[in-house]
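Structure data (mmCIF, C-alpha atoms) from entry_34.cif:
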data_run
#
loop_
_atom_site.group_PDB
_atom_site.id
_atom_site.type_symbol
_atom_site.label_atom_id
_atom_site.label_comp_id
_atom_site.auth_asym_id
_atom_site.auth_seq_id
_atom_site.Cartn_x
_atom_site.Cartn_y
_atom_site.Cartn_z
ATOM 1 C CA MET A 1 -12.422 1.622 -10.118
ATOM 2 C CA LEU A 2 -12.009 2.854 -13.675
ATOM 3 C CA LEU A 3 -8.702 3.358 -15.445
ATOM 4 C CA VAL A 4 -8.592 5.763 -18.366
ATOM 5 C CA PHE A 5 -5.751 6.071 -20.864
ATOM 6 C CA ALA A 6 -6.135 8.971 -23.280
ATOM 7 C CA LYS A 7 -3.503 9.537 -25.957
ATOM 8 C CA LEU A 8 -3.288 13.008 -27.457
ATOM 9 C CA ILE A 9 -1.446 13.514 -30.741
ATOM 10 C CA PRO A 10 -0.092 17.075 -31.029
ATOM 11 C CA VAL A 11 -0.051 19.174 -34.167
ATOM 12 C CA ASN A 12 3.587 20.036 -34.966
ATOM 13 C CA GLY A 13 4.911 22.950 -32.955
ATOM 14 C CA LYS A 14 1.938 23.173 -30.571
ATOM 15 C CA ASP A 15 3.436 21.442 -27.524
ATOM 16 C CA LYS A 16 3.528 24.628 -25.422
ATOM 17 C CA GLU A 17 -0.169 25.303 -26.027
ATOM 18 C CA ILE A 18 -1.105 21.706 -25.213
ATOM 19 C CA ILE A 19 0.857 21.770 -21.964
ATOM 20 C CA GLU A 20 -0.759 25.067 -20.903
ATOM 21 C CA GLU A 21 -4.248 23.667 -21.522
ATOM 22 C CA ALA A 22 -3.392 20.400 -19.779
ATOM 23 C CA LEU A 23 -2.034 22.119 -16.667
ATOM 24 C CA THR A 24 -5.357 23.837 -16.076
ATOM 25 C CA LEU A 25 -7.300 20.638 -16.716
ATOM 26 C CA VAL A 26 -5.127 18.554 -14.383
ATOM 27 C CA GLU A 27 -5.302 21.127 -11.585
ATOM 28 C CA GLU A 28 -9.106 21.357 -11.700
ATOM 29 C CA THR A 29 -9.697 17.640 -12.257
ATOM 30 C CA ARG A 30 -7.662 16.626 -9.221
ATOM 31 C CA LYS A 31 -10.201 18.567 -7.115
ATOM 32 C CA GLU A 32 -13.094 16.381 -8.297
ATOM 33 C CA ALA A 33 -14.519 14.098 -5.597
ATOM 34 C CA ALA A 34 -14.494 10.912 -7.707
ATOM 35 C CA ASN A 35 -10.976 11.416 -9.042
ATOM 36 C CA ILE A 36 -8.372 9.104 -7.531
ATOM 37 C CA GLU A 37 -5.429 10.012 -9.756
ATOM 38 C CA TYR A 38 -4.962 12.225 -12.810
ATOM 39 C CA ASN A 39 -1.610 12.503 -14.557
ATOM 40 C CA PHE A 40 -0.346 14.066 -17.763
ATOM 41 C CA ASP A 41 2.822 12.657 -19.324
ATOM 42 C CA LYS A 42 4.693 12.731 -22.610
ATOM 43 C CA ASP A 43 5.692 9.592 -24.496
ATOM 44 C CA VAL A 44 9.401 10.091 -25.211
ATOM 45 C CA GLU A 45 9.324 7.659 -28.126
ATOM 46 C CA ASP A 46 6.632 9.198 -30.309
ATOM 47 C CA GLY A 47 6.019 12.652 -28.788
ATOM 48 C CA THR A 48 2.378 12.021 -27.946
ATOM 49 C CA TYR A 49 0.821 13.063 -24.653
ATOM 50 C CA LEU A 50 -0.895 10.698 -22.247
ATOM 51 C CA PHE A 51 -3.563 11.278 -19.638
ATOM 52 C CA ILE A 52 -3.460 8.409 -17.161
ATOM 53 C CA GLU A 53 -6.472 8.546 -14.873
ATOM 54 C CA LYS A 54 -8.147 6.633 -12.033
ATOM 55 C CA TRP A 55 -11.798 7.220 -11.158
ATOM 56 C CA GLU A 56 -13.988 5.794 -8.402
ATOM 57 C CA ASP A 57 -16.780 4.929 -10.823
ATOM 58 C CA MET A 58 -18.474 5.707 -14.135
ATOM 59 C CA ASP A 59 -20.700 8.325 -12.535
ATOM 60 C CA GLY A 60 -17.621 10.282 -11.454
ATOM 61 C CA LEU A 61 -16.047 10.004 -14.895
ATOM 62 C CA ASN A 62 -19.279 11.142 -16.554
ATOM 63 C CA LYS A 63 -19.440 14.190 -14.250
ATOM 64 C CA HIS A 64 -15.867 15.000 -15.256
ATOM 65 C CA LEU A 65 -16.741 14.815 -18.952
ATOM 66 C CA ILE A 66 -19.473 17.450 -18.529
ATOM 67 C CA SER A 67 -17.479 19.687 -16.174
ATOM 68 C CA LYS A 68 -16.729 23.260 -17.164
ATOM 69 C CA HIS A 69 -12.957 22.689 -17.141
ATOM 70 C CA PHE A 70 -13.137 19.533 -19.276
ATOM 71 C CA LYS A 71 -15.447 21.162 -21.822
ATOM 72 C CA ALA A 72 -13.086 24.156 -22.067
ATOM 73 C CA PHE A 73 -10.101 21.840 -22.563
ATOM 74 C CA ASP A 74 -11.946 19.789 -25.176
ATOM 75 C CA THR A 75 -12.873 22.916 -27.135
ATOM 76 C CA ASN A 76 -9.464 24.607 -26.885
ATOM 77 C CA ILE A 77 -7.294 21.558 -27.558
ATOM 78 C CA LYS A 78 -8.820 20.891 -30.983
ATOM 79 C CA ALA A 79 -6.677 23.666 -32.478
ATOM 80 C CA PHE A 80 -3.479 22.047 -31.166
ATOM 81 C CA SER A 81 -3.998 18.327 -31.619
ATOM 82 C CA LYS A 82 -5.401 15.543 -33.706
ATOM 83 C CA ASP A 83 -8.052 13.153 -32.385
ATOM 84 C CA MET A 84 -7.597 11.555 -28.977
ATOM 85 C CA ASP A 85 -7.471 7.798 -28.530
ATOM 86 C CA ILE A 86 -9.309 7.036 -25.277
ATOM 87 C CA LYS A 87 -9.536 3.654 -23.562
ATOM 88 C CA VAL A 88 -11.545 2.978 -20.393
ATOM 89 C CA PHE A 89 -11.013 -0.138 -18.267
ATOM 90 C CA ASN A 90 -12.995 -1.458 -15.325
ATOM 91 C CA ALA A 91 -10.326 -2.557 -12.850
ATOM 92 C CA GLU A 92 -9.649 -3.511 -9.274
ATOM 93 C CA SER A 93 -6.487 -3.221 -7.218
ATOM 94 C CA VAL A 94 -4.421 -6.342 -6.741
ATOM 95 C CA ASN A 95 -2.665 -6.979 -3.437
ATOM 96 C CA LEU A 96 0.657 -8.503 -4.460
ATOM 97 C CA TYR A 97 1.617 -9.405 -0.883
ATOM 98 C CA GLU A 98 -1.231 -11.733 0.131
#
Write the structure described by the file as structure tokens, please.
Amino acid sequence: MLLVFAKLIPVNGKDKEIIEEALTLVEETRKEAANIEYNFDKDVEDGTYLFIEKWEDMDGLNKHLISKHFKAFDTNIKAFSKDMDIKVFNAESVNLYE
């Protein structure tokens, strides 16, 4: 399983536009076969936005990155935000009750 943490830094006053773009992206991404979880949250301390994602594998993540909805988001969001900080981790679930 892959975990992805993407931090999006908004341009001042563009929160509404970012949220509108993100809603469409989240809705479409959650339909993707390899997507396990896809969330969009706001950091209350610094006002940045966070995509917290789980993917079955790298192939699924790569398909997401070339999808029509991701490409549209990537193009549109550039007017409302600074660069994204993206981190990808190869992970496995841990059973805490063994």
Contact residues around A:Val4 with all atoms listed in the file at 6 Å, ignoring same-chain residues under 5 positions, as a ChimeraX atom specification: /A:52-53,87-88
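Within 10 Å of the point (-10.0, 21.3, -11.6), counting all atoms listed in the file, the protein and nucleic acid residues come to Leu23, Thr24, Leu25, Val26, Glu27, Glu28, Thr29, Arg30, Lys31, Glu32, His64, Ser67, Lys68, His69 and Phe70 of chain A.
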Would you put the residues from that selection into a file with C-alpha atoms, as a PDB file, keeping the file's coordinate frame?
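Printed below is result-v8.pdb as written:
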ATOM      1  CA  LEU A  23      -2.034  22.119 -16.667  1.00  0.00           C
ATOM      2  CA  THR A  24      -5.357  23.837 -16.076  1.00  0.00           C
ATOM      3  CA  LEU A  25      -7.300  20.638 -16.716  1.00  0.00           C
ATOM      4  CA  VAL A  26      -5.127  18.554 -14.383  1.00  0.00           C
ATOM      5  CA  GLU A  27      -5.302  21.127 -11.585  1.00  0.00           C
ATOM      6  CA  GLU A  28      -9.106  21.357 -11.700  1.00  0.00           C
ATOM      7  CA  THR A  29      -9.697  17.640 -12.257  1.00  0.00           C
ATOM      8  CA  ARG A  30      -7.662  16.626  -9.221  1.00  0.00           C
ATOM      9  CA  LYS A  31     -10.201  18.567  -7.115  1.00  0.00           C
ATOM     10  CA  GLU A  32     -13.094  16.381  -8.297  1.00  0.00           C
ATOM     11  CA  HIS A  64     -15.867  15.000 -15.256  1.00  0.00           C
ATOM     12  CA  SER A  67     -17.479  19.687 -16.174  1.00  0.00           C
ATOM     13  CA  LYS A  68     -16.729  23.260 -17.164  1.00  0.00           C
ATOM     14  CA  HIS A  69     -12.957  22.689 -17.141  1.00  0.00           C
ATOM     15  CA  PHE A  70     -13.137  19.533 -19.276  1.00  0.00           C
TER      16      PHE A  70
END
Where does the PyMOL selection byres ((chain A and resi 6) around 8) land in this file, that is, which residues does it pick, as a PDB file with C-alpha atoms, keeping the file's coordinate frame?
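In the end it all went to selection-v8.pdb:
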ATOM      1  CA  VAL A   4      -8.592   5.763 -18.366  1.00  0.00           C
ATOM      2  CA  PHE A   5      -5.751   6.071 -20.864  1.00  0.00           C
ATOM      3  CA  LYS A   7      -3.503   9.537 -25.957  1.00  0.00           C
ATOM      4  CA  LEU A   8      -3.288  13.008 -27.457  1.00  0.00           C
ATOM      5  CA  LEU A  50      -0.895  10.698 -22.247  1.00  0.00           C
ATOM      6  CA  PHE A  51      -3.563  11.278 -19.638  1.00  0.00           C
ATOM      7  CA  ILE A  52      -3.460   8.409 -17.161  1.00  0.00           C
ATOM      8  CA  MET A  84      -7.597  11.555 -28.977  1.00  0.00           C
ATOM      9  CA  ASP A  85      -7.471   7.798 -28.530  1.00  0.00           C
ATOM     10  CA  ILE A  86      -9.309   7.036 -25.277  1.00  0.00           C
ATOM     11  CA  LYS A  87      -9.536   3.654 -23.562  1.00  0.00           C
TER      12      LYS A  87
END
Using only C-alpha atoms: which of A:Glu98, A:Asp43, A:Glu21, A:Glu92 has the shortest distance to A:Phe73: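 Among A:Glu98, A:Asp43, A:Glu21, A:Glu92, it is A:Glu21 that comes nearest to A:Phe73.
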Between atom CA of A:Ala34 and atom CA of A:Ile66, distance in Å (one decimal):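 Interatomic distance here is 13.6 Å.
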Gap from atom CA of A:Asn35 to atom CA of A:Ala79 - Å, one decimal: 26.8 Å
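Note that atom CA of A:Ala91 and atom CA of A:Lys71 are 25.9 Å apart.
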Evaluate the PyMOL selection byres ((chain A and resi 54) around 7) and report residues as a list in words: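 Applying the expression gives Met1, Leu2, Leu3, Val4, Asn35, Ile36, Glu37, Tyr38, Glu53, Trp55 and Glu56 of chain A.
For the set A:Thr75, A:Asn90, A:Thr48, A:Asn39, the residue with the smallest atom-to-atom gap to A:Asn12 is A:Thr48, counting only C-alpha atoms.
When only C-alpha atoms are used to compute distances to A:Lys82, the closest of the residues A:Tyr49, A:Tyr97, A:Gly60, A:Phe40 turns out to be A:Tyr49.
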Of the listed residues A:Asn95, A:Ile19, A:Lys63, A:Met58, that which approaches A:Asn76 most closely, counting all atoms listed in the file: A:Ile19
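Comparing the minimum interatomic distances between A:Lys42 and each of A:Asp74, A:Asp15, A:Asp57, A:Glu20, counting all atoms listed in the file, we find that A:Asp15 sits nearest.
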Using the file's own x, y and z axes, what box holds all listed atoms of stretch 28-41 of chain A with 6 Å on each side, keeping edges along x, y and z, and what are its centre and edge lengths in Å to one decimal, as lines of an AutoDock Vina configuration file?
center_x = -5.8
center_y = 15.2
center_z = -12.5
size_x = 29.3
size_y = 24.3
size_z = 25.7
Reconstruct all heavy atoms of stretch 84-95 of chain A from the incomplete input and present them as a compact mmCIF listing (two decimals), in the frame of the given file.
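And here's result-v3.txt as it stands now:
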# COMPACT_ATOMS: atom_id res chain seq x y z
N MET A 84 -8.10 12.29 -30.13
CA MET A 84 -7.60 11.56 -28.98
C MET A 84 -8.03 10.10 -29.07
O MET A 84 -9.14 9.81 -29.50
CB MET A 84 -8.13 12.16 -27.68
CG MET A 84 -7.52 13.49 -27.34
SD MET A 84 -8.09 14.14 -25.75
CE MET A 84 -7.27 13.05 -24.62
N ASP A 85 -7.16 9.22 -28.65
CA ASP A 85 -7.47 7.80 -28.53
C ASP A 85 -7.72 7.54 -27.05
O ASP A 85 -6.79 7.69 -26.24
CB ASP A 85 -6.31 6.96 -29.06
CG ASP A 85 -6.54 5.47 -28.90
OD1 ASP A 85 -7.71 5.04 -28.93
OD2 ASP A 85 -5.55 4.74 -28.76
N ILE A 86 -8.95 7.20 -26.68
CA ILE A 86 -9.31 7.04 -25.28
C ILE A 86 -9.75 5.60 -25.02
O ILE A 86 -10.60 5.07 -25.74
CB ILE A 86 -10.44 8.01 -24.89
CG1 ILE A 86 -10.00 9.45 -25.16
CG2 ILE A 86 -10.83 7.82 -23.42
CD1 ILE A 86 -11.11 10.46 -25.02
N LYS A 87 -9.17 5.01 -23.97
CA LYS A 87 -9.54 3.65 -23.56
C LYS A 87 -9.92 3.69 -22.10
O LYS A 87 -9.24 4.30 -21.27
CB LYS A 87 -8.38 2.70 -23.78
CG LYS A 87 -8.05 2.47 -25.25
CD LYS A 87 -6.94 1.45 -25.42
CE LYS A 87 -6.69 1.06 -26.84
NZ LYS A 87 -6.49 2.07 -27.80
N VAL A 88 -11.05 3.03 -21.77
CA VAL A 88 -11.54 2.98 -20.39
C VAL A 88 -11.60 1.51 -19.97
O VAL A 88 -12.13 0.67 -20.70
CB VAL A 88 -12.94 3.62 -20.27
CG1 VAL A 88 -13.46 3.53 -18.85
CG2 VAL A 88 -12.92 5.07 -20.75
N PHE A 89 -11.05 1.22 -18.79
CA PHE A 89 -11.01 -0.14 -18.27
C PHE A 89 -11.65 -0.19 -16.89
O PHE A 89 -11.40 0.68 -16.06
CB PHE A 89 -9.56 -0.63 -18.13
CG PHE A 89 -8.80 -0.60 -19.42
CD1 PHE A 89 -8.06 0.52 -19.79
CD2 PHE A 89 -8.79 -1.70 -20.25
CE1 PHE A 89 -7.35 0.55 -20.97
CE2 PHE A 89 -8.08 -1.68 -21.45
CZ PHE A 89 -7.36 -0.55 -21.80
N ASN A 90 -12.46 -1.20 -16.65
CA ASN A 90 -13.00 -1.46 -15.32
C ASN A 90 -11.98 -2.33 -14.61
O ASN A 90 -11.63 -3.41 -15.08
CB ASN A 90 -14.35 -2.17 -15.44
CG ASN A 90 -15.12 -2.14 -14.16
OD1 ASN A 90 -14.72 -1.52 -13.19
ND2 ASN A 90 -16.24 -2.84 -14.14
N ALA A 91 -11.44 -1.86 -13.48
CA ALA A 91 -10.33 -2.56 -12.85
C ALA A 91 -10.52 -2.63 -11.34
O ALA A 91 -11.38 -1.96 -10.76
CB ALA A 91 -9.03 -1.81 -13.16
N GLU A 92 -9.70 -3.46 -10.73
CA GLU A 92 -9.65 -3.51 -9.27
C GLU A 92 -8.17 -3.65 -8.87
O GLU A 92 -7.36 -4.19 -9.62
CB GLU A 92 -10.47 -4.66 -8.69
CG GLU A 92 -10.00 -6.03 -9.08
CD GLU A 92 -10.87 -7.14 -8.51
OE1 GLU A 92 -12.08 -6.93 -8.31
OE2 GLU A 92 -10.33 -8.22 -8.29
N SER A 93 -7.85 -3.14 -7.70
CA SER A 93 -6.49 -3.22 -7.22
C SER A 93 -6.15 -4.66 -6.87
O SER A 93 -7.01 -5.43 -6.43
CB SER A 93 -6.30 -2.34 -5.99
OG SER A 93 -6.46 -0.99 -6.33
N VAL A 94 -4.89 -5.01 -7.07
CA VAL A 94 -4.42 -6.34 -6.74
C VAL A 94 -3.40 -6.23 -5.63
O VAL A 94 -2.44 -5.45 -5.73
CB VAL A 94 -3.76 -7.00 -7.98
CG1 VAL A 94 -3.18 -8.36 -7.64
CG2 VAL A 94 -4.76 -7.11 -9.12
N ASN A 95 -3.62 -6.96 -4.55
CA ASN A 95 -2.66 -6.98 -3.44
C ASN A 95 -1.61 -8.03 -3.76
O ASN A 95 -1.88 -9.23 -3.73
CB ASN A 95 -3.37 -7.29 -2.12
CG ASN A 95 -2.43 -7.18 -0.94
OD1 ASN A 95 -1.21 -7.07 -1.10
ND2 ASN A 95 -2.98 -7.21 0.26
